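Enquirer: Here's a structure for you.
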Amino acid sequence: MFELFTIYSARDKADGIYIDLQLNGKMVSMQLDTGASLSLIPEYIYNDKLKDCCLHPTSIRLVSYTGVKIPVLGELKVPVAYEGQQWSLPLVVVEGDKPPLLGRNWLQKISLNWKEIFSLRYVSPVSVTSLSDVLEKHRELFGDGYGKITDFKAKVRVQEGTHPIFHKPRPVPYALKDAVEKELDHLERNSIISQVGRSDWAAPIVVVPKKDKTVRLCGDYKVTVNKWILSEEYPLPNVDDLFATLPGGKVFSKSDLSFAYQQLELDAESKQYLTINPHKGLFQYHRLAYGISTAPAIFQHTMDQIL
């Protein structure tokens with residue numbers, strides 16, 4: 001089974017980078033996809049432009065990044081021409097109306113004009129006035145404090161029959177004690193945590209000093225709930241996946257969510273598992289906390305649904 005590491009859901013040319021190739025003497029625009037192991041075309045392009053190429057049965061099976069099987073109609077050998085180069089290459093025909101994909105098997109043969117494909121063009125910088133207008137229009141997004149993601153809540157799931165684990169607080173270095181107490185007060189004022197009288201679960205804290213002399217507090221959940229947590233089977237993008245989305249872009253920007261995890265609320269049942277036990281008593285989190293092993297997958301899944 002061959003995997004197509006692509007969502008395979010592009011609808012127009014704004015969704016990716018396209019290469020013009022001659023297939024059997026006819027021009028076809030194929031979407032460049034280094035995640036696809038094979039090159040393929042949909043049935044309608046085969047019927048329109050390659051019908052005189054003999055289609056043979058094949059044992060090839062295809063599955064998308066999301067695990068969906070892609071029906072395969074057959075395979076053919078097609079004459080391919082690109083910028084004076086010529087080959088006879090295998091091509092898989094599939095059902096549906098998605099765009100044709102230029103996959104890795106063809107990229108191993110074809111020397112693409114990468115300089116042209118990845119060329120960057122000068123764009124006049126955004127004026128200070130227009131930037132100020134954007135910031136003013138969306139000022140609620142750029143204010144201080146903690147935002148809150150709506151319509152989504154994080155759920156921490158544990159194995160059935162799990163017994164609660166309670167850890168005593170660890171000593172805090174005297175040099176960091178004031179900073180820790182200020183951070184606890186700050187989190188409590190912003191309703192990220194609240195003090196509780198008792199809890200069956202409790203994790204000690206790990207104090208991470210920051211450059212601005214403040215600290216980040218993380219629960220040491222590896223000694224408590226992380227031992228029994230059920231993993232979240234959601235793929236996290238790697239650097240190659242992210243870079244593969246950049247070609248063809250016209251404007252590049254970076255968004256940095258302030259206190260990212262702590263913008264995502266916890267559901268009621270999950271709060272007990274994220275209780276921390278610093279020197280000032282027990283505190284229960286109301287938002288997703290640093291240190292939970294499933295937090296990256298939970299947050300990425302939420303972001304992908306929003307975006």
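Note on naming: chains are A, B, ... as they come in the structure tokens, residues start from 1 per chain, ligands start from 1 in the order shown.
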Write out as a list in words which residues come within 7 Å of A:Gly103 when counting only C-alpha atoms, dropping same-chain ones fewer than 6 positions away.
Expert: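 Once the nearby chain positions are removed, what remains is Leu32, Asp33, Thr34, Ala36, Ser37, Leu38 and Ser39 of chain A.
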Enquirer: Could those residues be written to a file, using N, CA, C and O atoms, as a PDB file, in the first residue's frame?
Expert:
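Printed below is again33.pdb as written:
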ATOM      1  N   LEU A  32       2.387  19.903  -7.505  1.00  0.00           N
ATOM      2  CA  LEU A  32       3.628  19.367  -6.934  1.00  0.00           C
ATOM      3  C   LEU A  32       3.369  18.931  -5.504  1.00  0.00           C
ATOM      4  O   LEU A  32       2.889  19.696  -4.669  1.00  0.00           O
ATOM      5  N   ASP A  33       3.668  17.663  -5.214  1.00  0.00           N
ATOM      6  CA  ASP A  33       3.405  17.121  -3.877  1.00  0.00           C
ATOM      7  C   ASP A  33       4.500  16.132  -3.510  1.00  0.00           C
ATOM      8  O   ASP A  33       4.467  14.964  -3.880  1.00  0.00           O
ATOM      9  N   THR A  34       5.482  16.609  -2.739  1.00  0.00           N
ATOM     10  CA  THR A  34       6.589  15.739  -2.323  1.00  0.00           C
ATOM     11  C   THR A  34       6.144  14.712  -1.302  1.00  0.00           C
ATOM     12  O   THR A  34       6.890  13.788  -0.983  1.00  0.00           O
ATOM     13  N   ALA A  36       3.483  12.797  -1.787  1.00  0.00           N
ATOM     14  CA  ALA A  36       2.860  11.692  -2.511  1.00  0.00           C
ATOM     15  C   ALA A  36       3.936  10.762  -3.051  1.00  0.00           C
ATOM     16  O   ALA A  36       4.861  11.195  -3.736  1.00  0.00           O
ATOM     17  N   SER A  37       3.816   9.488  -2.751  1.00  0.00           N
ATOM     18  CA  SER A  37       4.827   8.530  -3.202  1.00  0.00           C
ATOM     19  C   SER A  37       4.725   8.253  -4.698  1.00  0.00           C
ATOM     20  O   SER A  37       5.716   7.913  -5.348  1.00  0.00           O
ATOM     21  N   LEU A  38       3.518   8.387  -5.272  1.00  0.00           N
ATOM     22  CA  LEU A  38       3.292   8.117  -6.684  1.00  0.00           C
ATOM     23  C   LEU A  38       2.645   9.321  -7.358  1.00  0.00           C
ATOM     24  O   LEU A  38       1.972  10.125  -6.707  1.00  0.00           O
ATOM     25  N   SER A  39       2.818   9.409  -8.680  1.00  0.00           N
ATOM     26  CA  SER A  39       2.130  10.432  -9.463  1.00  0.00           C
ATOM     27  C   SER A  39       0.808   9.855  -9.945  1.00  0.00           C
ATOM     28  O   SER A  39       0.723   8.676 -10.304  1.00  0.00           O
TER      29      SER A  39
END
Enquirer: Assign secondary structure with DSSP using the backbone only, and return the residues of stretch 52-158 of chain A in strand (DSSP E or B) as number ranges by chain.
Expert: A: 56, 62-64, 69-70, 72-82, 85-94, 101-102, 153-154, 158
Enquirer: I need the residues from that last selection saved to file as an mmCIF file, in the first residue's frame (with N, CA and C atoms), if you can.
Expert:
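Produced file part_38.cif, reproduced below:
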data_model
loop_
_atom_site.group_PDB
_atom_site.id
_atom_site.type_symbol
_atom_site.label_atom_id
_atom_site.label_comp_id
_atom_site.auth_asym_id
_atom_site.auth_seq_id
_atom_site.Cartn_x
_atom_site.Cartn_y
_atom_site.Cartn_z
ATOM 1 N N HIS A 56 -3.891 -0.239 -17.810
ATOM 2 C CA HIS A 56 -3.708 -1.619 -17.378
ATOM 3 C C HIS A 56 -4.171 -1.798 -15.937
ATOM 4 N N LEU A 62 -3.933 2.851 -2.695
ATOM 5 C CA LEU A 62 -3.551 4.169 -2.208
ATOM 6 C C LEU A 62 -4.384 4.553 -1.001
ATOM 7 N N VAL A 63 -3.727 5.210 -0.059
ATOM 8 C CA VAL A 63 -4.430 5.717 1.118
ATOM 9 C C VAL A 63 -3.934 7.119 1.398
ATOM 10 N N SER A 64 -4.830 8.017 1.761
ATOM 11 C CA SER A 64 -4.457 9.405 2.013
ATOM 12 C C SER A 64 -3.868 9.551 3.407
ATOM 13 N N LYS A 69 -9.107 5.486 1.875
ATOM 14 C CA LYS A 69 -8.661 4.765 0.690
ATOM 15 C C LYS A 69 -9.086 5.510 -0.569
ATOM 16 N N ILE A 70 -8.166 5.580 -1.550
ATOM 17 C CA ILE A 70 -8.425 6.260 -2.812
ATOM 18 C C ILE A 70 -8.630 5.197 -3.883
ATOM 19 N N VAL A 72 -8.506 3.127 -7.066
ATOM 20 C CA VAL A 72 -7.576 3.117 -8.197
ATOM 21 C C VAL A 72 -8.237 2.411 -9.380
ATOM 22 N N LEU A 73 -8.179 3.052 -10.574
ATOM 23 C CA LEU A 73 -8.777 2.478 -11.782
ATOM 24 C C LEU A 73 -7.771 1.695 -12.608
ATOM 25 N N GLY A 74 -6.485 2.044 -12.485
ATOM 26 C CA GLY A 74 -5.464 1.343 -13.252
ATOM 27 C C GLY A 74 -4.202 2.158 -13.368
ATOM 28 N N GLU A 75 -3.259 1.655 -14.175
ATOM 29 C CA GLU A 75 -1.959 2.291 -14.341
ATOM 30 C C GLU A 75 -1.591 2.283 -15.823
ATOM 31 N N LEU A 76 -0.857 3.308 -16.242
ATOM 32 C CA LEU A 76 -0.430 3.383 -17.638
ATOM 33 C C LEU A 76 0.977 3.957 -17.722
ATOM 34 N N LYS A 77 1.614 3.774 -18.870
ATOM 35 C CA LYS A 77 2.888 4.414 -19.188
ATOM 36 C C LYS A 77 2.584 5.580 -20.112
ATOM 37 N N VAL A 78 3.068 6.758 -19.752
ATOM 38 C CA VAL A 78 2.734 7.934 -20.538
ATOM 39 C C VAL A 78 4.007 8.692 -20.933
ATOM 40 N N PRO A 79 4.103 9.161 -22.188
ATOM 41 C CA PRO A 79 5.234 10.013 -22.583
ATOM 42 C C PRO A 79 5.117 11.370 -21.882
ATOM 43 N N VAL A 80 6.190 11.798 -21.244
ATOM 44 C CA VAL A 80 6.210 13.052 -20.473
ATOM 45 C C VAL A 80 7.299 13.954 -21.024
ATOM 46 N N ALA A 81 6.995 15.239 -21.231
ATOM 47 C CA ALA A 81 7.972 16.219 -21.696
ATOM 48 C C ALA A 81 7.917 17.452 -20.803
ATOM 49 N N TYR A 82 9.120 17.967 -20.474
ATOM 50 C CA TYR A 82 9.219 19.163 -19.634
ATOM 51 C C TYR A 82 10.537 19.872 -19.941
ATOM 52 N N GLN A 85 13.161 18.005 -21.813
ATOM 53 C CA GLN A 85 13.429 16.660 -21.305
ATOM 54 C C GLN A 85 12.244 15.751 -21.654
ATOM 55 N N GLN A 86 12.526 14.478 -21.873
ATOM 56 C CA GLN A 86 11.467 13.531 -22.214
ATOM 57 C C GLN A 86 11.682 12.205 -21.489
ATOM 58 N N TRP A 87 10.573 11.581 -21.074
ATOM 59 C CA TRP A 87 10.610 10.302 -20.388
ATOM 60 C C TRP A 87 9.348 9.519 -20.727
ATOM 61 N N SER A 88 9.364 8.254 -20.401
ATOM 62 C CA SER A 88 8.154 7.425 -20.385
ATOM 63 C C SER A 88 7.978 6.977 -18.941
ATOM 64 N N LEU A 89 6.928 7.467 -18.280
ATOM 65 C CA LEU A 89 6.805 7.297 -16.829
ATOM 66 C C LEU A 89 5.470 6.654 -16.461
ATOM 67 N N PRO A 90 5.450 5.909 -15.342
ATOM 68 C CA PRO A 90 4.199 5.286 -14.883
ATOM 69 C C PRO A 90 3.276 6.325 -14.256
ATOM 70 N N LEU A 91 1.986 6.166 -14.480
ATOM 71 C CA LEU A 91 0.993 7.103 -13.979
ATOM 72 C C LEU A 91 -0.238 6.314 -13.524
ATOM 73 N N VAL A 92 -0.700 6.603 -12.324
ATOM 74 C CA VAL A 92 -1.858 5.917 -11.755
ATOM 75 C C VAL A 92 -3.110 6.763 -11.996
ATOM 76 N N VAL A 93 -4.189 6.114 -12.417
ATOM 77 C CA VAL A 93 -5.472 6.788 -12.635
ATOM 78 C C VAL A 93 -6.408 6.438 -11.488
ATOM 79 N N VAL A 94 -7.006 7.470 -10.880
ATOM 80 C CA VAL A 94 -7.883 7.261 -9.724
ATOM 81 C C VAL A 94 -9.256 7.867 -9.973
ATOM 82 N N LEU A 101 -1.550 14.786 -9.280
ATOM 83 C CA LEU A 101 -0.417 14.981 -8.377
ATOM 84 C C LEU A 101 0.885 14.573 -9.051
ATOM 85 N N LEU A 102 1.893 15.429 -8.909
ATOM 86 C CA LEU A 102 3.255 15.122 -9.347
ATOM 87 C C LEU A 102 4.008 14.627 -8.122
ATOM 88 N N LYS A 153 -13.113 22.465 24.015
ATOM 89 C CA LYS A 153 -12.574 22.194 25.346
ATOM 90 C C LYS A 153 -11.645 20.997 25.273
ATOM 91 N N ALA A 154 -10.595 21.034 26.079
ATOM 92 C CA ALA A 154 -9.628 19.934 26.118
ATOM 93 C C ALA A 154 -10.114 18.861 27.085
ATOM 94 N N VAL A 158 -7.890 9.074 30.888
ATOM 95 C CA VAL A 158 -6.997 8.135 31.569
ATOM 96 C C VAL A 158 -7.551 6.723 31.438
#
Enquirer: Please list as a list in words every residue within 6 Å of stretch 168-178 of chain A, counting only C-alpha atoms and excluding residues in the same chain fewer than 6 positions away.
Expert: Pro204, Asn277, Pro278 and His279 of chain A
Enquirer: So how many Å separate atom CA of A:Asn24 and atom CA of A:Lys49, to one decimal?
Expert: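 We find that atom CA of A:Asn24 and atom CA of A:Lys49 lie 8.1 Å from each other.
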Enquirer: With a distance cut-off of 12 Å and only C-alpha atoms, select the neighbouring residues of stretch 225-227 of chain A, excluding the residue or stretch itself and same-chain residues fewer than 2 positions from it, and output the selection as a VMD selection string.
Expert: chain A and resid 156 to 159 162 to 167 200 to 204 219 to 223 229 to 231 270 to 276 290 to 295
Enquirer: Pick from A:Ile149, A:Ile193, A:Ile17, A:Leu288: nearest to A:Leu266, with only C-alpha atoms counted?
Expert: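 Closest candidate: A:Leu288.
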Enquirer: A:Pro100: which residues within 8 Å, counting only C-alpha atoms, same-chain residues fewer than 5 positions away excluded, as an NGL selection string?
Expert: :A and (29-31 or 39-42)
Enquirer: Check stretch 133-264 of chain A with DSSP on the backbone and list each residue it calls helix (DSSP H, G or I), as a ChimeraX atom specification.
Expert: /A:133-137,139-141,174-189,221-223,225-227,239-244,261-263
Enquirer: At a cut-off of 10 Å, using only C-alpha atoms, what residues contact A:Glu183? Leave out same-chain residues fewer than 6 positions from it and give the result as an mmCIF file with all heavy atoms, in the first residue's frame.
Expert:
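Wrote selection_35.cif, looks like this:
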data_model
loop_
_atom_site.group_PDB
_atom_site.id
_atom_site.type_symbol
_atom_site.label_atom_id
_atom_site.label_comp_id
_atom_site.auth_asym_id
_atom_site.auth_seq_id
_atom_site.Cartn_x
_atom_site.Cartn_y
_atom_site.Cartn_z
ATOM 1 N N LYS A 177 11.405 31.863 45.031
ATOM 2 C CA LYS A 177 10.156 31.761 45.782
ATOM 3 C C LYS A 177 9.206 32.923 45.496
ATOM 4 O O LYS A 177 8.007 32.717 45.254
ATOM 5 C CB LYS A 177 10.465 31.683 47.277
ATOM 6 C CG LYS A 177 9.277 31.230 48.112
ATOM 7 C CD LYS A 177 9.713 30.927 49.541
ATOM 8 C CE LYS A 177 8.538 30.382 50.350
ATOM 9 N NZ LYS A 177 8.956 30.051 51.741
ATOM 10 N N ARG A 189 -5.553 35.201 39.442
ATOM 11 C CA ARG A 189 -6.304 36.410 39.079
ATOM 12 C C ARG A 189 -6.940 36.286 37.702
ATOM 13 O O ARG A 189 -8.009 36.845 37.443
ATOM 14 C CB ARG A 189 -5.386 37.637 39.106
ATOM 15 C CG ARG A 189 -5.069 38.162 40.487
ATOM 16 C CD ARG A 189 -4.522 39.581 40.427
ATOM 17 N NE ARG A 189 -3.442 39.731 39.454
ATOM 18 C CZ ARG A 189 -2.156 39.519 39.710
ATOM 19 N NH1 ARG A 189 -1.786 39.143 40.932
ATOM 20 N NH2 ARG A 189 -1.234 39.691 38.779
ATOM 21 N N THR A 214 10.706 36.492 35.228
ATOM 22 C CA THR A 214 9.514 35.781 35.683
ATOM 23 C C THR A 214 9.763 34.281 35.542
ATOM 24 O O THR A 214 10.846 33.856 35.111
ATOM 25 C CB THR A 214 8.276 36.196 34.872
ATOM 26 O OG1 THR A 214 8.471 35.834 33.494
ATOM 27 C CG2 THR A 214 8.037 37.693 34.973
ATOM 28 N N VAL A 215 8.775 33.477 35.897
ATOM 29 C CA VAL A 215 8.932 32.023 35.799
ATOM 30 C C VAL A 215 7.715 31.423 35.111
ATOM 31 O O VAL A 215 6.627 32.020 35.091
ATOM 32 C CB VAL A 215 9.104 31.371 37.194
ATOM 33 C CG1 VAL A 215 10.389 31.837 37.851
ATOM 34 C CG2 VAL A 215 7.886 31.619 38.070
ATOM 35 N N ARG A 216 7.911 30.266 34.534
ATOM 36 C CA ARG A 216 6.808 29.454 34.040
ATOM 37 C C ARG A 216 6.653 28.266 34.972
ATOM 38 O O ARG A 216 7.628 27.603 35.312
ATOM 39 C CB ARG A 216 7.074 28.985 32.611
ATOM 40 C CG ARG A 216 6.026 27.988 32.106
ATOM 41 C CD ARG A 216 6.295 27.574 30.674
ATOM 42 N NE ARG A 216 6.077 28.683 29.770
ATOM 43 C CZ ARG A 216 6.445 28.685 28.492
ATOM 44 N NH1 ARG A 216 7.093 27.635 28.004
ATOM 45 N NH2 ARG A 216 6.186 29.719 27.731
ATOM 46 N N LEU A 217 5.417 27.994 35.378
ATOM 47 C CA LEU A 217 5.144 26.871 36.266
ATOM 48 C C LEU A 217 4.575 25.707 35.461
ATOM 49 O O LEU A 217 3.597 25.875 34.723
ATOM 50 C CB LEU A 217 4.144 27.285 37.355
ATOM 51 C CG LEU A 217 4.561 28.453 38.246
ATOM 52 C CD1 LEU A 217 3.501 28.699 39.322
ATOM 53 C CD2 LEU A 217 5.915 28.202 38.880
#
